[in-house]
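One file, my_file_36.cif, is given below (mmCIF, C-alpha atoms and all ligand atoms).
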```
data_protein
loop_
_atom_site.label_atom_id
_atom_site.label_comp_id
_atom_site.auth_asym_id
_atom_site.auth_seq_id
_atom_site.Cartn_x
_atom_site.Cartn_y
_atom_site.Cartn_z
CA MET A 20 4.95 15.95 2.22
CA GLU A 21 8.05 13.72 2.22
CA ASN A 22 8.71 13.24 5.91
CA GLY A 23 5.40 14.48 7.26
CA ILE A 24 3.59 12.40 9.82
CA GLN A 25 -0.03 11.74 10.71
CA ILE A 26 -1.19 13.39 13.94
CA ALA A 27 -4.45 12.19 15.49
CA ILE A 28 -6.11 14.42 18.08
CA ASP A 29 -9.07 12.99 19.97
CA GLY A 30 -10.98 14.02 23.04
CA PRO A 31 -14.36 15.13 24.37
CA ALA A 32 -16.48 18.04 23.11
CA ALA A 33 -15.07 21.55 23.51
CA ALA A 34 -11.66 20.40 24.78
CA GLY A 35 -10.01 22.81 22.31
CA LYS A 36 -9.08 20.15 19.76
CA SER A 37 -9.89 22.16 16.65
CA THR A 38 -8.18 25.36 17.84
CA ILE A 39 -5.04 23.42 18.71
CA ALA A 40 -5.16 21.20 15.64
CA LYS A 41 -5.42 24.27 13.39
CA ILE A 42 -2.42 25.97 15.02
CA THR A 43 -0.36 22.77 15.01
CA ALA A 44 -1.12 22.14 11.33
CA SER A 45 -0.29 25.68 10.37
CA LYS A 46 3.02 25.69 12.31
CA LEU A 47 4.07 22.39 10.74
CA GLY A 48 2.75 23.25 7.26
CA TYR A 49 0.36 20.27 7.47
CA THR A 50 -3.22 19.82 6.30
CA TYR A 51 -5.87 20.13 9.00
CA ILE A 52 -8.94 17.89 8.78
CA ASP A 53 -11.87 18.53 11.14
CA THR A 54 -13.86 15.28 11.13
CA GLY A 55 -16.52 16.67 13.51
CA ALA A 56 -17.45 19.11 10.74
CA MET A 57 -18.28 16.14 8.51
CA TYR A 58 -20.72 14.68 11.05
CA ARG A 59 -22.15 18.16 11.56
CA ALA A 60 -22.58 18.68 7.80
CA LEU A 61 -24.50 15.41 7.50
CA THR A 62 -26.66 16.34 10.52
CA TYR A 63 -27.38 19.77 9.04
CA LYS A 64 -28.53 18.24 5.77
CA ALA A 65 -30.61 15.56 7.56
CA LEU A 66 -32.43 18.18 9.63
CA LYS A 67 -33.05 20.22 6.50
CA GLU A 68 -34.54 17.22 4.72
CA HIS A 69 -36.54 16.09 7.80
CA ILE A 70 -34.59 12.84 8.03
CA ASP A 71 -34.64 11.10 11.43
CA VAL A 72 -31.19 11.49 13.03
CA TYR A 73 -31.53 7.97 14.52
CA ASP A 74 -32.31 6.32 11.16
CA ASP A 75 -28.98 4.78 10.05
CA ASP A 76 -30.34 3.60 6.66
CA ALA A 77 -31.83 6.97 5.72
CA LEU A 78 -28.73 8.82 6.93
CA SER A 79 -26.30 6.59 5.09
CA GLN A 80 -28.35 6.93 1.90
CA LEU A 81 -28.26 10.70 2.37
CA LEU A 82 -24.49 10.56 2.90
CA GLU A 83 -24.13 8.62 -0.33
CA ARG A 84 -25.82 11.31 -2.38
CA ILE A 85 -24.34 14.47 -0.87
CA VAL A 86 -20.88 15.94 -1.36
CA ILE A 87 -19.13 17.24 1.78
CA GLU A 88 -16.06 19.35 1.15
CA LEU A 89 -13.54 20.77 3.62
CA GLU A 90 -11.57 23.61 2.13
CA PRO A 91 -8.67 25.09 4.09
CA THR A 92 -8.34 28.88 3.68
CA GLU A 93 -6.31 31.59 5.41
CA ASN A 94 -9.34 32.42 7.56
CA GLY A 95 -10.01 28.86 8.60
CA GLN A 96 -11.71 25.90 7.09
CA ILE A 97 -14.77 26.34 4.85
CA VAL A 98 -17.29 23.51 4.93
CA ARG A 99 -19.50 22.95 1.90
CA VAL A 100 -22.40 20.61 1.34
CA ASP A 101 -23.34 20.19 -2.31
CA GLY A 102 -21.47 23.39 -3.05
CA ALA A 103 -23.26 25.54 -0.44
CA ASP A 104 -21.18 27.16 2.31
CA VAL A 105 -22.47 25.74 5.63
CA THR A 106 -19.45 26.72 7.78
CA ASP A 107 -21.52 28.73 10.26
CA ALA A 108 -24.79 26.82 9.89
CA ILE A 109 -23.22 23.56 11.14
CA ARG A 110 -22.35 25.25 14.48
CA SER A 111 -26.00 26.07 15.26
CA GLN A 112 -27.55 24.86 18.51
CA GLU A 113 -29.93 22.62 16.55
CA VAL A 114 -27.07 20.82 14.77
CA THR A 115 -25.02 20.62 18.00
CA SER A 116 -27.92 18.99 19.88
CA ASN A 117 -28.51 16.38 17.16
CA VAL A 118 -25.01 15.51 15.98
CA SER A 119 -24.27 12.88 18.64
CA ALA A 120 -27.29 10.87 17.42
CA THR A 121 -26.09 10.95 13.80
CA ALA A 122 -22.54 10.10 14.85
CA ALA A 123 -23.73 7.05 16.80
CA GLN A 124 -25.10 5.29 13.68
CA PRO A 125 -22.81 2.38 12.68
CA ARG A 126 -23.22 2.58 8.88
CA VAL A 127 -22.76 6.36 8.96
CA ARG A 128 -19.53 5.87 10.92
CA GLU A 129 -18.25 3.22 8.52
CA MET A 130 -18.78 5.55 5.56
CA MET A 131 -17.26 8.55 7.34
CA VAL A 132 -14.18 6.58 8.38
CA GLU A 133 -13.69 5.53 4.76
CA LYS A 134 -13.93 9.14 3.56
CA GLN A 135 -11.60 10.36 6.32
CA ARG A 136 -8.94 7.77 5.49
CA LEU A 137 -8.99 8.92 1.86
CA LEU A 138 -8.52 12.53 3.00
CA ALA A 139 -5.47 11.50 5.03
CA THR A 140 -3.65 9.52 2.35
CA SER A 141 -0.96 12.16 1.92
CA LYS A 142 1.47 12.54 4.80
CA GLY A 143 1.54 15.69 6.89
CA VAL A 144 -1.97 15.77 8.34
CA VAL A 145 -3.49 16.77 11.65
CA MET A 146 -6.91 15.18 12.03
CA ASP A 147 -9.18 15.81 15.00
CA GLY A 148 -12.26 13.96 16.19
CA ARG A 149 -13.28 11.22 18.60
CA ASP A 150 -12.04 7.99 16.97
CA ILE A 151 -9.06 9.14 14.90
CA GLY A 152 -6.38 7.33 16.94
CA THR A 153 -8.56 4.28 17.60
CA ALA A 154 -10.37 3.74 14.28
CA VAL A 155 -9.58 6.17 11.44
CA LEU A 156 -5.77 6.33 11.60
CA PRO A 157 -4.74 3.53 14.01
CA SER A 158 -1.15 3.74 12.77
CA ALA A 159 -0.80 7.51 13.10
CA GLU A 160 2.74 8.34 14.24
CA LEU A 161 1.47 10.70 16.95
CA LYS A 162 -1.77 10.34 18.90
CA ILE A 163 -2.96 12.93 21.37
CA TYR A 164 -5.93 12.59 23.72
CA MET A 165 -6.89 16.08 24.81
CA THR A 166 -9.21 16.77 27.69
CA ALA A 167 -10.20 19.45 30.23
CA SER A 168 -12.74 19.71 33.04
CA VAL A 169 -16.40 20.14 32.05
CA GLU A 170 -16.47 23.59 33.73
CA GLU A 171 -13.41 24.78 31.83
CA ARG A 172 -14.76 23.48 28.52
CA ALA A 173 -18.13 25.18 29.12
CA ALA A 174 -16.38 28.45 29.99
CA ARG A 175 -14.34 28.30 26.78
CA ARG A 176 -17.44 27.51 24.70
CA PHE A 177 -19.21 30.43 26.36
CA VAL A 178 -16.50 32.86 25.22
CA GLU A 179 -16.54 31.38 21.71
CA ASN A 180 -20.35 31.60 21.53
CA THR A 181 -20.33 35.22 22.68
CA LYS A 182 -18.00 36.07 19.77
CA ARG A 183 -20.38 34.31 17.39
CA GLY A 184 -23.44 36.03 18.85
CA ILE A 185 -24.83 32.78 20.30
CA ASP A 186 -26.56 33.38 23.63
CA ARG A 187 -26.61 30.30 25.89
CA PRO A 188 -26.17 30.39 29.69
CA LEU A 189 -23.06 28.83 31.21
CA ASP A 190 -24.95 26.24 33.30
CA GLN A 191 -26.82 25.16 30.17
CA LEU A 192 -23.49 24.77 28.33
CA CYS A 193 -22.16 22.59 31.19
CA GLN A 194 -25.22 20.39 30.82
CA ASP A 195 -24.91 20.25 26.99
CA ILE A 196 -21.25 19.23 27.24
CA SER A 197 -21.92 16.54 29.88
CA ASN A 198 -24.73 15.13 27.72
CA ARG A 199 -22.50 15.04 24.66
CA ASP A 200 -19.64 13.39 26.64
CA LYS A 201 -22.05 10.71 27.79
CA ALA A 202 -23.47 10.10 24.30
CA ASP A 203 -20.02 10.02 22.66
CA MET A 204 -18.47 7.75 25.32
CA GLU A 205 -21.36 5.32 25.72
CA ARG A 206 -22.31 4.71 22.10
CA VAL A 207 -21.71 1.18 20.79
CA ALA A 208 -20.06 2.15 17.47
CA SER A 209 -16.47 3.30 18.15
CA PRO A 210 -17.08 5.22 21.37
CA LEU A 211 -14.80 8.02 22.43
CA LYS A 212 -11.86 6.57 24.34
CA GLN A 213 -8.16 7.18 24.66
CA ALA A 214 -6.08 4.97 22.35
CA SER A 215 -3.62 2.86 24.36
CA ASP A 216 -0.68 4.57 22.61
CA ALA A 217 -2.07 8.14 22.84
CA ILE A 218 -0.45 10.88 24.91
CA LEU A 219 -2.90 12.41 27.40
CA ILE A 220 -2.91 16.20 27.66
CA ASP A 221 -5.16 17.81 30.27
CA THR A 222 -5.51 21.39 29.04
CA THR A 223 -7.55 22.69 32.02
CA SER A 224 -4.85 25.06 33.19
CA MET A 225 -2.78 25.32 30.03
CA SER A 226 -2.77 28.13 27.47
CA ILE A 227 -3.43 27.46 23.79
CA GLU A 228 0.25 28.15 23.01
CA GLU A 229 1.45 25.73 25.70
CA VAL A 230 -0.71 22.93 24.33
CA ALA A 231 0.29 23.58 20.71
CA ASP A 232 3.98 23.74 21.66
CA THR A 233 3.74 20.46 23.59
CA ILE A 234 2.23 18.71 20.56
CA ILE A 235 4.78 20.21 18.18
CA GLN A 236 7.63 19.00 20.41
CA HIS A 237 6.19 15.48 20.32
CA ALA A 238 5.75 15.77 16.53
CA GLU A 239 9.37 16.85 16.03
CA LYS A 240 10.54 13.82 18.05
CA ARG A 241 8.37 11.47 15.98
CA LYS A 242 9.51 13.03 12.68
CA SER A 243 13.16 12.43 13.47
CA ARG A 244 12.66 8.79 14.33
O1 LIG A 301 -15.85 18.02 17.41
P1 LIG A 301 -17.31 18.41 17.18
O2 LIG A 301 -18.00 18.93 18.39
O3 LIG A 301 -17.49 19.30 16.00
O4 LIG A 301 -18.02 17.01 16.82
C1 LIG A 301 -19.39 16.92 16.58
C2 LIG A 301 -19.91 15.55 16.96
O5 LIG A 301 -19.47 14.57 16.04
C3 LIG A 301 -19.53 15.05 18.35
O6 LIG A 301 -20.65 15.06 19.24
C4 LIG A 301 -19.07 13.63 18.17
C5 LIG A 301 -19.06 13.41 16.71
N1 LIG A 301 -17.76 12.99 16.16
C6 LIG A 301 -17.48 11.65 16.14
O7 LIG A 301 -18.28 10.86 16.63
N2 LIG A 301 -16.34 11.21 15.57
C7 LIG A 301 -15.46 12.07 15.05
N3 LIG A 301 -14.34 11.62 14.48
C8 LIG A 301 -15.72 13.47 15.11
C9 LIG A 301 -16.88 13.90 15.68
#
```
For the file at hand, write its structure as structure tokens.
Amino acid sequence: MENGIQIAIDGPAAAGKSTIAKITASKLGYTYIDTGAMYRALTYKALKEHIDVYDDDALSQLLERIVIELEPTENGQIVRVDGADVTDAIRSQEVTSNVSATAAQPRVREMMVEKQRLLATSKGVVMDGRDIGTAVLPSAELKIYMTASVEERAARRFVENTKRGIDRPLDQLCQDISNRDKADMERVASPLKQASDAILIDTTSMSIEEVADTIIQHAEKRKSR
């Protein structure tokens, strides 16, 4: 894409990053890259192979020998590990509870960042995660830090889970999200934090369309610079 830009969207768990990133990418005709899915895919495979999710060496060796693919389709992104479709499996409660441990391992992060940079070499990408604006694409033309209250994020996750047939009480979801925030923000290796040049969007009382439109307006301004 000739005059496409790189858009980095970071923020805590369940802030609506992937929903918004998908819409933004589709409206702009950009490629959407969900980096959380990559950490989830590695975690899924590690659990399957009984690899300790705190063992950086074992995890990075595993990451070296598996192939993680993100394939955009009309019905969303398909995630494959060694050719097998794991799109739904990586959203399981077991993967969700273990992914922060995997994502805290320094060597794993180094390898993931390398892979993610390669995926973003062409212009016209929207990438979402925790460290996109700070570590993966530090020179992205547009950086967004998206957040919402824990209660609002839990309520949104509850609705999403119900659609997927996942049954988890709301108070438990609040606890899960707070735990994940803590793990993601307090880890030593590139913790979740707002990049100094990122635009903060608190989506607590905004609709999906309002958030997407706000980001697109910022993107249009950046594109014409
Ligand atoms: O966005 P998500 O919930 O699918 O992300 C899963 C986990 O992966 C999350 O707990 C933090 C981690 N992650 C990360 O550390 N860095 C990223 N760029 C993306 C996700």
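Listed by chain and then residue number, the contacts of ligand LIG 301 (chain A) are Ala32, Ala33, Thr54, Gly55, Ala56, Tyr58, Arg59, Thr115, Val118, Ser119, Ala122, Ala123, Asp147, Gly148, Arg149, Asp150, Ile151, Arg199 and Asp203 of chain A (distance at most 7 Å, using all atoms listed in the file).
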*Pick out the residues sitting within 7 Å of Tyr164 of chain A, and hand them over as a list in words; count all atoms listed in the file, and ignore anything fewer than 5 positions along from it in its own chain.*
Ile28, Asp29, Gly30, Gln213, Ala217, Ile218, Leu219 and Ile220 of chain A
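Using only C-alpha atoms, the shortest contact distance between Thr140 of chain A and any of A:Lys36, A:Ala27, A:Leu156, A:Thr92 is found at A:Leu156.
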Contacts of Val207 of chain A at 12 Å (all atoms listed in the file; same-chain gap of 4+ positions) as an mmCIF file with C-alpha atoms, in the frame of the given file:
```
data_model
loop_
_atom_site.group_PDB
_atom_site.id
_atom_site.type_symbol
_atom_site.label_atom_id
_atom_site.label_comp_id
_atom_site.auth_asym_id
_atom_site.auth_seq_id
_atom_site.Cartn_x
_atom_site.Cartn_y
_atom_site.Cartn_z
ATOM 1 C CA ALA A 120 -27.290 10.870 17.420
ATOM 2 C CA ALA A 122 -22.540 10.100 14.850
ATOM 3 C CA ALA A 123 -23.730 7.050 16.800
ATOM 4 C CA GLN A 124 -25.100 5.290 13.680
ATOM 5 C CA PRO A 125 -22.810 2.380 12.680
ATOM 6 C CA ARG A 128 -19.530 5.870 10.920
ATOM 7 C CA LYS A 201 -22.050 10.710 27.790
ATOM 8 C CA ALA A 202 -23.470 10.100 24.300
ATOM 9 C CA ASP A 203 -20.020 10.020 22.660
ATOM 10 C CA LEU A 211 -14.800 8.020 22.430
ATOM 11 C CA LYS A 212 -11.860 6.570 24.340
#
```
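As for atom CA of Arg99 of chain A and atom CA of Asn180 of chain A, they are spaced 21.5 Å apart.
Closest approach to Ser168 of chain A from the set A:Lys142, A:Pro31, A:Lys41, A:Arg183 is made by A:Pro31, with distances taken over only C-alpha atoms.
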Report as a PDB file with C-alpha atoms, in the coordinates of the input all protein, DNA and RNA residues lying within 10 Å of Gly102 of chain A, evaluated on only C-alpha atoms, omitting residues in the same chain fewer than 6 positions from it.
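selection-v5.pdb written:
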```pdb
ATOM      1  CA  ILE A  85     -24.340  14.470  -0.870  1.00  0.00           C
ATOM      2  CA  VAL A  86     -20.880  15.940  -1.360  1.00  0.00           C
ATOM      3  CA  ILE A  87     -19.130  17.240   1.780  1.00  0.00           C
ATOM      4  CA  GLU A  88     -16.060  19.350   1.150  1.00  0.00           C
TER       5      GLU A  88
END
```
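Compared by their closest atoms to Glu93 of chain A, and using only C-alpha atoms, the residues A:Ala173, A:Ser209, A:Ile70, A:Ser45 rank with A:Ser45 nearest.
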*Grab the atom CA of Thr222 of chain A to atom CA of Met57 of chain A distance for me, in Å with one decimal place.*
24.7 Å
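Proximity to Ile52 of chain A was assessed for A:Glu133, A:Glu179, A:Glu171, A:Glu90 counting all atoms listed in the file; the smallest distance is recorded for A:Glu90.
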Would you compute, for all listed atoms of segment 199-208 of chain A, the axis-aligned bounding box grown by 6 Å on each side, and then report its centre and edge lengths in Å rounded to one decimal, as AutoDock Vina command-line options?
```
--center_x -21.0 --center_y 8.1 --center_z 22.6 --size_x 17.0 --size_y 25.9 --size_z 22.3
```
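Candidate residues A:Val105, A:Val127, A:Ile26, A:Leu89 were compared for distance to Lys64 of chain A, and the nearest is A:Val105, using all atoms listed in the file.
Counting from atom CA of Ala77 of chain A, the distance to atom CA of Ile109 of chain A is 19.5 Å.
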*asked:* I'd like to know which of A:Asp190, A:Glu113, A:Glu83, A:Glu129 is closest to Lys67 of chain A, using only C-alpha atoms.
replied: A:Glu113
Write out N, CA, C and O atoms for segment 71-86 of chain A, as a CSV table (one decimal), in the coordinates of the input.
```csv
chain,number,residue,atom,x,y,z
A,71,ASP,N,-34.8,11.5,10.0
A,71,ASP,CA,-34.6,11.1,11.4
A,71,ASP,C,-33.1,10.9,11.7
A,71,ASP,O,-32.5,10.1,11.1
A,72,VAL,N,-32.6,11.6,12.7
A,72,VAL,CA,-31.2,11.5,13.0
A,72,VAL,C,-30.8,10.2,13.7
A,72,VAL,O,-29.6,10.0,14.0
A,73,TYR,N,-31.8,9.3,14.0
A,73,TYR,CA,-31.5,8.0,14.5
A,73,TYR,C,-31.7,6.9,13.5
A,73,TYR,O,-31.6,5.7,13.7
A,74,ASP,N,-32.0,7.3,12.2
A,74,ASP,CA,-32.3,6.3,11.2
A,74,ASP,C,-31.0,6.1,10.3
A,74,ASP,O,-30.7,6.9,9.4
A,75,ASP,N,-30.3,5.0,10.7
A,75,ASP,CA,-29.0,4.8,10.0
A,75,ASP,C,-29.1,4.6,8.5
A,75,ASP,O,-28.3,5.1,7.8
A,76,ASP,N,-30.2,3.9,8.1
A,76,ASP,CA,-30.3,3.6,6.7
A,76,ASP,C,-30.6,4.9,5.9
A,76,ASP,O,-29.9,5.2,4.9
A,77,ALA,N,-31.5,5.7,6.4
A,77,ALA,CA,-31.8,7.0,5.7
A,77,ALA,C,-30.6,7.9,5.7
A,77,ALA,O,-30.3,8.5,4.7
A,78,LEU,N,-29.9,7.9,6.8
A,78,LEU,CA,-28.7,8.8,6.9
A,78,LEU,C,-27.6,8.4,6.0
A,78,LEU,O,-27.0,9.2,5.3
A,79,SER,N,-27.4,7.0,5.9
A,79,SER,CA,-26.3,6.6,5.1
A,79,SER,C,-26.7,6.8,3.6
A,79,SER,O,-25.8,7.0,2.8
A,80,GLN,N,-28.0,6.6,3.3
A,80,GLN,CA,-28.4,6.9,1.9
A,80,GLN,C,-28.1,8.4,1.6
A,80,GLN,O,-27.7,8.8,0.5
A,81,LEU,N,-28.5,9.3,2.6
A,81,LEU,CA,-28.3,10.7,2.4
A,81,LEU,C,-26.8,11.0,2.2
A,81,LEU,O,-26.4,11.7,1.2
A,82,LEU,N,-25.9,10.3,3.0
A,82,LEU,CA,-24.5,10.6,2.9
A,82,LEU,C,-23.9,10.1,1.5
A,82,LEU,O,-23.0,10.7,1.0
A,83,GLU,N,-24.6,9.1,1.0
A,83,GLU,CA,-24.1,8.6,-0.3
A,83,GLU,C,-24.4,9.6,-1.4
A,83,GLU,O,-23.6,9.7,-2.4
A,84,ARG,N,-25.5,10.4,-1.3
A,84,ARG,CA,-25.8,11.3,-2.4
A,84,ARG,C,-25.4,12.8,-2.2
A,84,ARG,O,-25.6,13.6,-3.1
A,85,ILE,N,-24.8,13.1,-1.0
A,85,ILE,CA,-24.3,14.5,-0.9
A,85,ILE,C,-22.8,14.5,-1.0
A,85,ILE,O,-22.1,13.5,-0.8
A,86,VAL,N,-22.3,15.7,-1.3
A,86,VAL,CA,-20.9,15.9,-1.4
A,86,VAL,C,-20.5,16.9,-0.2
A,86,VAL,O,-20.9,18.0,-0.2
```
